[in-house]
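What follows is a set of notes on a single structure, which appears directly below.
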Amino acid sequence: MEEVENKQIIFKGYIEGTPKETDMELKVGNKIKLKAGEGNSGGAFIVKNLYLSCDPYMRGRMRHFQGSYIPPFVPGSVIEGFGVSRVVDSDNPNFKAGDLVTGFTGWEEYSLIQKAVQLRKIQQDDIPLSYYVGLLGMPGFTAYAGFHEVCTPKKGEYVFVSAASGAVGQLVGQLAKLHGCYVVGSAGTSQKVDILKNKLGFNEAFNYKEEPDLDAALKRYFPQGIDIYFDNVGGAMLEAALLNMRIHGRIAVCGMVSQYSVSDPQGVRNLFYLISKRIRMEGFLQSDYLHLFPRFLEDVISFYKQGKIVYIEDMNEGLERAPAAFVGLFSGKNVGKQVICVAPE
């Protein structure tokens with residue numbers, strides 16, 4: 001029976017403030033037997049991890065807080081997240097050696113999967129495997145469900161997307177364009193603004209760091225007001241958007257990256273406009289809409305193959321680069337969906 005070394009990224013302990021690379025450590029020297037039934041309960045299988053996803057929600061798992069929709073990481077244990085993996089050995093009749101799967105896995109070279117909860121097989125075609133943690137994974141489905149189900153868009157409406165070049169925002173904007181909407185995105189560098197306008201097809205885009213007055217910026221890009229705001233950042237941008245919403249506007253609250261590392265979050269101003277403009281503001285999780293997942297895959301794969309949407313990844317090679325890649329999410333270093341390539345396919 002083959003036994004191999006298994007590099008791992010370990011979560012050291014709960015944190016305050018912005019994540020640092022030193023909050024995680026690369027552990028080498030651990031061995032793993034590539035045999036699923038060895039000392040494990042029936043139904044287990046071993047996977048070789050190929051791609052791992054870096055996502056902002058993971059910051060919430062780095063604090064000792066039990067009141068969230070997902071439990072915190074365990075100090076001293078392997079970090080977990082979404083990934084694409086290949087089955088090496090299996091005691092589970094539903095998964096056999098060689099199968100490609102996507103779902104929760106460990107930040108390590110090999111993982112023992114005890115329960116195949118929300119783990120899906122990948123029917124591989126000419127779409128890059130890494131897209132199954134991005135365009136065709138949790139971020140892509142978040143964009144699809146959030147835009148179509150929460151925002152309830154109509155053709156011709158005015159749509160604003162924050163963090164628009166990120167894993168979720170880039171697809172929201174393209175779906176809105178395909179729906180016949182006018183779309184403006186915000187991002188944090190001139191390079192990202194250029195990508196939004198010239199590669200992703202947004203009507204307009206701006207660098208929020210160059211705007212001293214976000215309210216004035218939104219009035220410039222939306223003189224008629226905003227029908228839909230897809231919010232990935234919260235904070236000052238949400239406050240400015242509230243001032244610029246149209247009557248019966250919708251705000252989909254997808255993320256609050258500006259608040260994830262703040263130990264004493266501030267309240268949101270301008271909430272009165274929810275009343276005066278009859279705005280609907282709704283938080284959501286993609287897991288609320290899993291019944292739509294087959295339709296999502298069908299639609300988005302079709303759009304991709306027709307060349308109607310593109311997807312931008314920021315790929316880092318090697319498990320040892322995972323901590324730096326994750327930390328970079330919170331200073332905007334990534335351009336597109338942040339992915340770690342653990343092993344070539």
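Naming works like this for the structure tokens: A, B, ... for the chains as they're shown, residue 1 at the start of each chain, ligands 1 onward in shown order.
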Please identify which residues in segment 168-314 of chain A DSSP calls alpha helix (DSSP H) from the backbone, and express them as JSON, numbers by chain. {"A": [169, 170, 171, 172, 173, 174, 175, 176, 177, 178, 190, 191, 192, 193, 194, 195, 196, 197, 198, 214, 215, 216, 217, 218, 219, 220, 221, 235, 236, 237, 238, 239, 240, 241, 242, 243, 244, 273, 274, 275, 276, 293, 294, 295, 296, 297, 298, 299, 300, 301, 302, 303, 304, 305]}
For the residues selected in the previous step, produce a file with N, CA and C atoms as a compact mmCIF listing (two decimals), in the first residue's frame.
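The resulting file, part29.txt, is reproduced below:
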# COMPACT_ATOMS: atom_id res chain seq x y z
N GLY A 169 -18.58 39.13 -8.74
CA GLY A 169 -18.98 40.34 -9.44
C GLY A 169 -18.81 40.27 -10.94
N GLN A 170 -17.73 39.63 -11.41
CA GLN A 170 -17.49 39.60 -12.86
C GLN A 170 -18.60 38.85 -13.59
N LEU A 171 -19.18 37.82 -12.95
CA LEU A 171 -20.26 37.10 -13.61
C LEU A 171 -21.59 37.84 -13.46
N VAL A 172 -21.82 38.49 -12.32
CA VAL A 172 -23.05 39.27 -12.15
C VAL A 172 -23.18 40.30 -13.28
N GLY A 173 -22.09 41.02 -13.53
CA GLY A 173 -22.13 42.04 -14.57
C GLY A 173 -22.44 41.48 -15.94
N GLN A 174 -21.85 40.34 -16.26
CA GLN A 174 -22.07 39.74 -17.57
C GLN A 174 -23.49 39.17 -17.70
N LEU A 175 -24.01 38.59 -16.62
CA LEU A 175 -25.39 38.11 -16.64
C LEU A 175 -26.36 39.29 -16.82
N ALA A 176 -26.05 40.41 -16.15
CA ALA A 176 -26.91 41.59 -16.27
C ALA A 176 -26.90 42.12 -17.71
N LYS A 177 -25.74 42.14 -18.34
CA LYS A 177 -25.66 42.58 -19.73
C LYS A 177 -26.46 41.65 -20.64
N LEU A 178 -26.34 40.33 -20.42
CA LEU A 178 -27.09 39.37 -21.23
C LEU A 178 -28.60 39.53 -21.03
N SER A 190 -6.81 50.68 -11.67
CA SER A 190 -7.11 51.06 -13.06
C SER A 190 -7.06 49.83 -13.97
N GLN A 191 -6.19 48.86 -13.65
CA GLN A 191 -6.12 47.62 -14.43
C GLN A 191 -7.47 46.88 -14.37
N LYS A 192 -8.05 46.81 -13.18
CA LYS A 192 -9.34 46.12 -13.03
C LYS A 192 -10.46 46.88 -13.75
N VAL A 193 -10.42 48.19 -13.69
CA VAL A 193 -11.42 49.01 -14.40
C VAL A 193 -11.34 48.75 -15.90
N ASP A 194 -10.12 48.66 -16.41
CA ASP A 194 -9.92 48.39 -17.83
C ASP A 194 -10.50 47.01 -18.21
N ILE A 195 -10.26 46.02 -17.34
CA ILE A 195 -10.79 44.67 -17.59
C ILE A 195 -12.32 44.69 -17.61
N LEU A 196 -12.92 45.41 -16.66
CA LEU A 196 -14.38 45.47 -16.60
C LEU A 196 -14.97 46.03 -17.89
N LYS A 197 -14.36 47.06 -18.40
CA LYS A 197 -14.92 47.73 -19.58
C LYS A 197 -14.55 47.01 -20.88
N ASN A 198 -13.33 46.54 -20.97
CA ASN A 198 -12.84 46.05 -22.26
C ASN A 198 -12.81 44.53 -22.41
N LEU A 214 -18.12 59.09 -2.93
CA LEU A 214 -18.76 57.96 -3.62
C LEU A 214 -20.18 58.31 -4.07
N ASP A 215 -20.87 59.12 -3.29
CA ASP A 215 -22.21 59.56 -3.68
C ASP A 215 -22.15 60.32 -5.00
N ALA A 216 -21.19 61.24 -5.11
CA ALA A 216 -21.04 62.02 -6.34
C ALA A 216 -20.66 61.11 -7.51
N ALA A 217 -19.82 60.12 -7.25
CA ALA A 217 -19.41 59.19 -8.31
C ALA A 217 -20.61 58.42 -8.84
N LEU A 218 -21.46 57.93 -7.94
CA LEU A 218 -22.63 57.18 -8.39
C LEU A 218 -23.63 58.07 -9.11
N LYS A 219 -23.75 59.32 -8.68
CA LYS A 219 -24.64 60.24 -9.40
C LYS A 219 -24.12 60.52 -10.81
N ARG A 220 -22.80 60.51 -10.96
CA ARG A 220 -22.19 60.74 -12.27
C ARG A 220 -22.48 59.55 -13.21
N TYR A 221 -22.36 58.34 -12.70
CA TYR A 221 -22.56 57.15 -13.54
C TYR A 221 -24.03 56.74 -13.66
N GLY A 235 -20.23 48.71 3.90
CA GLY A 235 -19.53 49.94 4.28
C GLY A 235 -19.98 51.17 3.54
N ALA A 236 -19.00 52.04 3.22
CA ALA A 236 -19.29 53.34 2.60
C ALA A 236 -19.96 53.21 1.24
N MET A 237 -19.62 52.15 0.50
CA MET A 237 -20.24 51.98 -0.82
C MET A 237 -21.73 51.68 -0.70
N LEU A 238 -22.11 50.89 0.29
CA LEU A 238 -23.53 50.61 0.52
C LEU A 238 -24.26 51.89 0.91
N GLU A 239 -23.63 52.68 1.78
CA GLU A 239 -24.26 53.95 2.19
C GLU A 239 -24.49 54.86 1.00
N ALA A 240 -23.51 54.92 0.08
CA ALA A 240 -23.65 55.78 -1.11
C ALA A 240 -24.71 55.22 -2.05
N ALA A 241 -24.75 53.91 -2.19
CA ALA A 241 -25.74 53.30 -3.08
C ALA A 241 -27.16 53.58 -2.59
N LEU A 242 -27.37 53.52 -1.27
CA LEU A 242 -28.70 53.79 -0.72
C LEU A 242 -29.20 55.18 -1.12
N LEU A 243 -28.29 56.14 -1.20
CA LEU A 243 -28.66 57.51 -1.59
C LEU A 243 -29.08 57.59 -3.06
N ASN A 244 -28.68 56.60 -3.85
CA ASN A 244 -28.86 56.69 -5.30
C ASN A 244 -29.81 55.65 -5.88
N TYR A 273 -33.81 55.55 3.43
CA TYR A 273 -34.20 55.46 2.02
C TYR A 273 -34.87 54.13 1.68
N LEU A 274 -34.68 53.12 2.53
CA LEU A 274 -35.42 51.88 2.34
C LEU A 274 -36.92 52.14 2.40
N ILE A 275 -37.31 53.11 3.23
CA ILE A 275 -38.72 53.44 3.39
C ILE A 275 -39.17 54.38 2.27
N SER A 276 -38.48 55.50 2.15
CA SER A 276 -38.97 56.54 1.24
C SER A 276 -38.94 56.08 -0.22
N PHE A 293 -29.39 24.60 -9.16
CA PHE A 293 -28.02 24.36 -9.60
C PHE A 293 -27.94 23.69 -10.98
N PRO A 294 -28.75 22.67 -11.27
CA PRO A 294 -28.67 22.08 -12.62
C PRO A 294 -28.95 23.09 -13.73
N ARG A 295 -29.95 23.96 -13.51
CA ARG A 295 -30.26 24.98 -14.52
C ARG A 295 -29.11 25.96 -14.67
N PHE A 296 -28.50 26.33 -13.54
CA PHE A 296 -27.33 27.22 -13.56
C PHE A 296 -26.22 26.63 -14.42
N LEU A 297 -25.87 25.37 -14.17
CA LEU A 297 -24.80 24.74 -14.95
C LEU A 297 -25.13 24.74 -16.44
N GLU A 298 -26.35 24.39 -16.75
CA GLU A 298 -26.77 24.33 -18.16
C GLU A 298 -26.66 25.71 -18.81
N ASP A 299 -27.17 26.73 -18.13
CA ASP A 299 -27.16 28.09 -18.70
C ASP A 299 -25.74 28.63 -18.85
N VAL A 300 -24.96 28.52 -17.80
CA VAL A 300 -23.64 29.17 -17.80
C VAL A 300 -22.66 28.43 -18.71
N ILE A 301 -22.73 27.10 -18.73
CA ILE A 301 -21.87 26.35 -19.67
C ILE A 301 -22.23 26.72 -21.10
N SER A 302 -23.52 26.86 -21.37
CA SER A 302 -23.95 27.26 -22.72
C SER A 302 -23.43 28.65 -23.08
N PHE A 303 -23.59 29.62 -22.17
CA PHE A 303 -23.07 30.98 -22.41
C PHE A 303 -21.57 30.96 -22.66
N TYR A 304 -20.85 30.17 -21.84
CA TYR A 304 -19.38 30.12 -21.96
C TYR A 304 -18.98 29.54 -23.32
N LYS A 305 -19.62 28.44 -23.71
CA LYS A 305 -19.24 27.79 -24.97
C LYS A 305 -19.61 28.63 -26.18
Residue neighbourhood segment 72-89 of chain A, 6 Å, only C-alpha atoms, exclusion window fewer than 2 positions, as a list in words: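 My reading of the contact set: Ile9, Ile10, Phe11, Lys12, Gly13, Lys35, Ala36, Phe45, Ile46, Val47, Lys48, Asn49, Leu50, Tyr51, Leu52, Ser53, Arg61, Met62, Ala97, Gly98, Asp99, Leu100, Val101, Thr102, Gly103, Phe104, Thr105, Gly106 and Trp107 of chain A.
With only C-alpha atoms as the basis for measurement, A:Ala44 is the residue among A:Leu135, A:Val28, A:Ala44, A:Met58 that approaches Ser90 of chain A most closely.
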As number ranges by chain, which residues of segment 121-180 of chain A does DSSP assign to strand (DSSP E or B)? A: 121, 158-161
Kindly give the distance, in Å, that separates atom CA of Met138 of chain A and atom CA of Lys27 of chain A, rounded to a single decimal.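 Separating atom CA of Met138 of chain A from atom CA of Lys27 of chain A is a distance of 27.4 Å.
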Please compute the atom CA of Asp55 of chain A-atom CA of Gly336 of chain A distance, one decimal, in Å.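 It comes out at 11.4 Å.
The protein and nucleic acid residues lying at most 12 Å from Lys277 of chain A are Gly225, Ile226, Asp227, Leu242, Leu243, Asn244, Met245, Arg246, Ile247, His248, Gly249, Arg250, Asn270, Leu271 and Phe272 of chain A, with only C-alpha atoms considered and sequence neighbours fewer than 5 positions away removed.
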Save out the residues we just selected, N, CA and C atoms, as a PDB file, in the first residue's frame.
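Output file again28.pdb is given in full below:
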ATOM      1  N   GLY A 225     -30.431  57.176 -11.461  1.00  0.00           N
ATOM      2  CA  GLY A 225     -30.553  56.328 -10.282  1.00  0.00           C
ATOM      3  C   GLY A 225     -30.271  54.858 -10.590  1.00  0.00           C
ATOM      4  N   ILE A 226     -30.231  54.046  -9.534  1.00  0.00           N
ATOM      5  CA  ILE A 226     -29.871  52.626  -9.614  1.00  0.00           C
ATOM      6  C   ILE A 226     -31.100  51.769  -9.317  1.00  0.00           C
ATOM      7  N   ASP A 227     -31.385  50.820 -10.195  1.00  0.00           N
ATOM      8  CA  ASP A 227     -32.478  49.870  -9.935  1.00  0.00           C
ATOM      9  C   ASP A 227     -32.003  48.701  -9.075  1.00  0.00           C
ATOM     10  N   LEU A 242     -27.370  53.522  -1.267  1.00  0.00           N
ATOM     11  CA  LEU A 242     -28.700  53.792  -0.717  1.00  0.00           C
ATOM     12  C   LEU A 242     -29.202  55.182  -1.120  1.00  0.00           C
ATOM     13  N   LEU A 243     -28.286  56.143  -1.204  1.00  0.00           N
ATOM     14  CA  LEU A 243     -28.656  57.508  -1.594  1.00  0.00           C
ATOM     15  C   LEU A 243     -29.079  57.592  -3.060  1.00  0.00           C
ATOM     16  N   ASN A 244     -28.676  56.599  -3.851  1.00  0.00           N
ATOM     17  CA  ASN A 244     -28.857  56.693  -5.302  1.00  0.00           C
ATOM     18  C   ASN A 244     -29.810  55.648  -5.878  1.00  0.00           C
ATOM     19  N   MET A 245     -30.489  54.913  -5.006  1.00  0.00           N
ATOM     20  CA  MET A 245     -31.435  53.906  -5.488  1.00  0.00           C
ATOM     21  C   MET A 245     -32.703  54.565  -6.048  1.00  0.00           C
ATOM     22  N   ARG A 246     -33.290  53.925  -7.017  1.00  0.00           N
ATOM     23  CA  ARG A 246     -34.565  54.371  -7.560  1.00  0.00           C
ATOM     24  C   ARG A 246     -35.707  53.773  -6.724  1.00  0.00           C
ATOM     25  N   ILE A 247     -36.899  54.293  -6.916  1.00  0.00           N
ATOM     26  CA  ILE A 247     -38.066  53.745  -6.221  1.00  0.00           C
ATOM     27  C   ILE A 247     -38.242  52.276  -6.620  1.00  0.00           C
ATOM     28  N   HIS A 248     -38.497  51.439  -5.622  1.00  0.00           N
ATOM     29  CA  HIS A 248     -38.634  49.984  -5.797  1.00  0.00           C
ATOM     30  C   HIS A 248     -37.335  49.321  -6.258  1.00  0.00           C
ATOM     31  N   GLY A 249     -36.214  49.942  -5.909  1.00  0.00           N
ATOM     32  CA  GLY A 249     -34.929  49.322  -6.199  1.00  0.00           C
ATOM     33  C   GLY A 249     -34.683  48.097  -5.329  1.00  0.00           C
ATOM     34  N   ARG A 250     -33.726  47.261  -5.757  1.00  0.00           N
ATOM     35  CA  ARG A 250     -33.373  46.045  -5.007  1.00  0.00           C
ATOM     36  C   ARG A 250     -31.885  46.036  -4.714  1.00  0.00           C
ATOM     37  N   ASN A 270     -28.109  56.007   6.139  1.00  0.00           N
ATOM     38  CA  ASN A 270     -29.015  56.210   4.992  1.00  0.00           C
ATOM     39  C   ASN A 270     -30.081  55.128   4.858  1.00  0.00           C
ATOM     40  N   LEU A 271     -30.318  54.369   5.918  1.00  0.00           N
ATOM     41  CA  LEU A 271     -31.331  53.317   5.835  1.00  0.00           C
ATOM     42  C   LEU A 271     -32.746  53.864   5.681  1.00  0.00           C
ATOM     43  N   PHE A 272     -32.950  55.128   5.998  1.00  0.00           N
ATOM     44  CA  PHE A 272     -34.276  55.722   5.817  1.00  0.00           C
ATOM     45  C   PHE A 272     -34.761  55.575   4.378  1.00  0.00           C
TER      46      PHE A 272
END
